[in-house]
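Reading through the structure tokens given below for one structure.
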Amino acid sequence: MKTIGVLTSGGDAPGMNAAIRAVVRCGIYNGLTVKGIKRGYQGLIDDEIEDMTLSSVGDIIQRGGTILRTARSAEFKTKEGRAKAAEVLKKHGIEGLVIIGGDGSFRGAQLLSNEHGVNTIGIPGTIDNDIPCTDYTIGFDTACNTAIDAINKIRDTATSHERANIIEVMGRNAGYIALYAGLAGGAEIIIIPEVKFDIDEVCDKISYGIKRGKLHHIIVLAEGVMSGLELSKMIQERLPKLDLRHTTLGHIQRGGAPSVMDRIIASQMGSRAVELLLENKSQRIISIRNNQIVDDDIDTALAMRKEFNFKLYELSKILSI
Ligand code: F6P
């Protein structure tokens, strides 16, 4: 293996740049030529490829987003699209590819390997933390920190006005951001897709909190359950006198300087990806489990079931009585 490529795919996540930097610097350290592929798989098909040097990844460890840009490519989902991508890889002499993204991106990598013999290694990068094989994905910790920063601010104004506030967070179909940010932000109520939603329970808890003299109610809602507006309407139907507001945090959760944890795991995962390519490994996904960097075959990795931390959820209920 002499030349490797790196790309970011799917939604961006803080820490992706730290992972790109690690791939480039560890690759060069090991005598490899490293090429950066712009705009994910679409950029690969369109031959948007540039040589990466030590300095092309300077000054990026602290930056959110991805310097390589990202995209969701419909063309790469077709056999013809992947054949075009393989031709481009061949033209540039790229024998190994590091894909920083989510499970859809890894499935694409697997097809590319099977159909065209390219070695592929996946690094989990998404704020949603919804990749089953890994305890944490790159970007999740930063997104949670951004969310608690917003919760803290909303709490100040909620307390001043003695209001209830719904804060809708991202996570796609998973409730990890809501659970972690809700617990760390001291939310009274956390609503996540993993736990059956009960509007009466929500309203009873708010009523009970008002009776016991609570000055505010912070309700953290995962977008996978419903929107903040929908929940707001449901609550106001039952508690018309409640002074209630809702905020959708949206893409603010996807940006910003990555946290220490995201920078560290991204650096470790990027380095491991290069090691695996040098060992001529392919179709592996890198994870962090029990604080160890590990790697698994893509099928095994994506078939794993991540146990949702219901204990943490129960704890959040106890701590917010
Ligand atoms: O997967 C990351 C994520 O931010 C989800 O939490 C969210 O549902 C989705 O991407 C938003 O996607 P887009 O940026 O395409 O609107």
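In the structure tokens, the first chain shown is A, the next is B, and so on; residue numbers restart at 1 for each chain, and ligands run from 1 in the order shown.
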- Item | Given 9 Å and only C-alpha atoms and all ligand atoms, residues near ligand 1 as a PyMOL selection string | chain A and resi 10-13+72+102+126-130+169-174+177+223-224+250-251+253-254
Once you count only C-alpha atoms, what closest atom pair and distance in Å to one decimal does each residue of region 183-265 of chain A within 9 Å of region 40-61 of chain A have, with rows by chain and rising residue number, as CSV?
```
residue,atom,partner,partner_atom,distance
A:Ala257,CA,A:Ile61,CA,8.5
A:Pro258,CA,A:Ile61,CA,8.0
A:Arg263,CA,A:Ile61,CA,7.1
```
- 8 Å contact set for Ala266 (chain A), only C-alpha atoms, chain neighbours under 4 positions out, as a ChimeraX atom specification: /A:15-16,18-19,22,138,262,270
- Compile the contact shell of Ser105 (chain A) as a PyMOL selection string: residues with an atom at most 10 Å away, counting only C-alpha atoms, same-chain residues fewer than 2 positions apart removed. chain A and resi 8-10+40-41+72-73+76-77+99-103+107-110+122-124
- Pick out each residue of region 160-244 of chain A that DSSP on the backbone tags as alpha helix (DSSP H); I need them as an MDAnalysis selection string. chainID A and resid 160:161 176:184 199:211 228:238
- Option closest in space to Gly93 (chain A), from A:Lys317, A:Lys205, A:Lys2, A:Arg245 [counting only C-alpha atoms]: A:Lys2
- Task: Could you give me the residues within region 32-82 of chain A that DSSP places in strand (DSSP E), as number ranges by chain?
- Result: A: 33-37, 49-52
What would the file look like if the residues just selected were written as an mmCIF file, in the first residue's frame with C-alpha atoms?
```cif
data_model
loop_
_atom_site.group_PDB
_atom_site.id
_atom_site.type_symbol
_atom_site.label_atom_id
_atom_site.label_comp_id
_atom_site.auth_asym_id
_atom_site.auth_seq_id
_atom_site.Cartn_x
_atom_site.Cartn_y
_atom_site.Cartn_z
ATOM 1 C CA THR A 33 0.961 9.375 -0.043
ATOM 2 C CA VAL A 34 -2.382 10.651 1.234
ATOM 3 C CA LYS A 35 -5.087 12.123 -0.995
ATOM 4 C CA GLY A 36 -8.056 14.100 0.224
ATOM 5 C CA ILE A 37 -11.350 13.466 -1.541
ATOM 6 C CA ILE A 49 -9.126 14.849 -5.330
ATOM 7 C CA GLU A 50 -6.104 16.675 -3.990
ATOM 8 C CA ASP A 51 -2.766 15.707 -2.452
ATOM 9 C CA MET A 52 -2.633 16.213 1.286
#
```
May I have the residues within 8 Å of region 111-113 of chain A as a PDB file with N, CA, C and O atoms, in the first residue's frame, using only C-alpha atoms and disregarding those fewer than 5 positions away in the same chain?
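Final output, saved to selection_28.pdb:
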```pdb
ATOM      1  N   ARG A  82     -20.625   3.567  -8.446  1.00  0.00           N
ATOM      2  CA  ARG A  82     -19.473   2.977  -7.743  1.00  0.00           C
ATOM      3  C   ARG A  82     -18.370   2.582  -8.732  1.00  0.00           C
ATOM      4  O   ARG A  82     -17.177   2.682  -8.429  1.00  0.00           O
ATOM      5  N   ALA A  86     -14.559   3.812  -8.614  1.00  0.00           N
ATOM      6  CA  ALA A  86     -13.411   2.884  -8.625  1.00  0.00           C
ATOM      7  C   ALA A  86     -12.401   3.283  -9.705  1.00  0.00           C
ATOM      8  O   ALA A  86     -11.186   3.192  -9.508  1.00  0.00           O
ATOM      9  N   VAL A 118     -11.251  -2.467  -3.460  1.00  0.00           N
ATOM     10  CA  VAL A 118     -10.555  -1.374  -2.758  1.00  0.00           C
ATOM     11  C   VAL A 118     -10.605  -1.663  -1.252  1.00  0.00           C
ATOM     12  O   VAL A 118     -11.644  -2.044  -0.728  1.00  0.00           O
ATOM     13  N   ASN A 119      -9.490  -1.469  -0.556  1.00  0.00           N
ATOM     14  CA  ASN A 119      -9.523  -1.651   0.899  1.00  0.00           C
ATOM     15  C   ASN A 119     -10.187  -0.447   1.550  1.00  0.00           C
ATOM     16  O   ASN A 119      -9.808   0.695   1.270  1.00  0.00           O
ATOM     17  N   THR A 120     -11.163  -0.712   2.406  1.00  0.00           N
ATOM     18  CA  THR A 120     -11.887   0.399   3.034  1.00  0.00           C
ATOM     19  C   THR A 120     -11.912   0.232   4.561  1.00  0.00           C
ATOM     20  O   THR A 120     -12.061  -0.874   5.075  1.00  0.00           O
ATOM     21  N   SER A 282      -9.256  -4.715   5.367  1.00  0.00           N
ATOM     22  CA  SER A 282     -10.317  -4.021   4.637  1.00  0.00           C
ATOM     23  C   SER A 282     -11.666  -4.307   5.284  1.00  0.00           C
ATOM     24  O   SER A 282     -11.821  -5.285   6.020  1.00  0.00           O
ATOM     25  N   GLN A 283     -12.621  -3.441   4.998  1.00  0.00           N
ATOM     26  CA  GLN A 283     -13.993  -3.580   5.490  1.00  0.00           C
ATOM     27  C   GLN A 283     -14.033  -3.697   7.012  1.00  0.00           C
ATOM     28  O   GLN A 283     -14.715  -4.562   7.562  1.00  0.00           O
TER      29      GLN A 283
END
```
- Task: Within 12 Å of Asp200 (chain A), counting only C-alpha atoms, which residues show up once you throw out same-chain ones fewer than 5 positions away? Write them as a list in words, please.
- Result: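 Surrounding residues, per the criterion: Lys205, Ile206, Ser207, Tyr208, Leu231, Met234, Ile235, Gln236, Glu237, Arg238 and Leu239 of chain A.
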- To one decimal place, how far is CA of Glu314 (chain A) from CA of Tyr176 (chain A) in Å?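 We find that CA of Glu314 (chain A) and CA of Tyr176 (chain A) lie 13.9 Å from each other.
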- Which residue out of A:Glu87, A:Glu307, A:Asp297, A:Glu162 has the minimum interatomic distance to Ile218 (chain A) when only C-alpha atoms are used? A:Glu162
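Note that the spacing between CA of His246 (chain A) and CA of Met226 (chain A) amounts to 12.5 Å.
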- A:Val24, A:Leu277, A:Ile288, A:Leu229: which is nearest Ile264 (chain A), counting only C-alpha atoms?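 Answer, going by the shortest atom-to-atom distance: A:Ile288.
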- Message: Can you tell me which residues surround His217 (chain A) at a distance of at most 9 Å, considering only C-alpha atoms, apart from same-chain residues fewer than 2 positions away, and format the answer as a ChimeraX atom specification?
- Response: /A:155,158-159,162-166,187-189,206,209-210,214-215,219
Could the residues in this selection be saved with N, CA and C atoms as a CSV table (one decimal), in the first residue's frame?
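Result saved to result-v2.csv:
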```csv
chain,number,residue,atom,x,y,z
A,155,ARG,N,-32.5,27.9,30.7
A,155,ARG,CA,-32.9,27.8,32.1
A,155,ARG,C,-32.9,29.2,32.8
A,158,ALA,N,-36.0,30.9,31.7
A,158,ALA,CA,-37.2,30.1,32.1
A,158,ALA,C,-37.4,30.4,33.6
A,159,THR,N,-36.3,30.4,34.4
A,159,THR,CA,-36.5,30.6,35.9
A,159,THR,C,-37.0,32.0,36.1
A,162,GLU,N,-40.5,32.0,35.3
A,162,GLU,CA,-41.3,30.8,35.9
A,162,GLU,C,-42.0,30.1,34.8
A,163,ARG,N,-41.3,29.7,33.7
A,163,ARG,CA,-41.9,29.1,32.5
A,163,ARG,C,-41.5,27.7,32.4
A,164,ALA,N,-42.1,27.0,31.5
A,164,ALA,CA,-41.7,25.7,31.0
A,164,ALA,C,-41.1,25.9,29.6
A,165,ASN,N,-40.0,25.2,29.3
A,165,ASN,CA,-39.4,25.3,28.0
A,165,ASN,C,-39.1,23.9,27.4
A,166,ILE,N,-39.6,23.8,26.2
A,166,ILE,CA,-39.2,22.5,25.5
A,166,ILE,C,-38.0,22.8,24.6
A,187,ALA,N,-32.5,18.5,33.2
A,187,ALA,CA,-33.9,18.6,32.7
A,187,ALA,C,-34.9,17.9,33.6
A,188,GLU,N,-36.0,18.5,33.7
A,188,GLU,CA,-37.1,17.8,34.5
A,188,GLU,C,-37.6,16.6,33.7
A,189,ILE,N,-37.7,16.8,32.4
A,189,ILE,CA,-38.3,15.7,31.6
A,189,ILE,C,-37.5,15.5,30.3
A,206,ILE,N,-45.2,18.0,35.3
A,206,ILE,CA,-45.1,19.4,35.3
A,206,ILE,C,-46.0,20.0,36.4
A,209,GLY,N,-44.5,19.4,39.7
A,209,GLY,CA,-43.3,20.3,39.9
A,209,GLY,C,-43.8,21.7,40.3
A,210,ILE,N,-44.9,22.2,39.7
A,210,ILE,CA,-45.4,23.5,40.0
A,210,ILE,C,-45.9,23.5,41.5
A,214,LYS,N,-41.4,24.4,41.9
A,214,LYS,CA,-40.3,24.6,40.9
A,214,LYS,C,-40.5,25.9,40.1
A,215,LEU,N,-39.3,26.5,39.8
A,215,LEU,CA,-39.4,27.8,39.1
A,215,LEU,C,-39.4,27.6,37.6
A,219,ILE,N,-37.8,20.7,29.4
A,219,ILE,CA,-38.2,19.4,28.8
A,219,ILE,C,-37.3,19.2,27.6
```
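Between CA of Lys281 (chain A) and CA of Gly96 (chain A) lies a distance of 9.1 Å.
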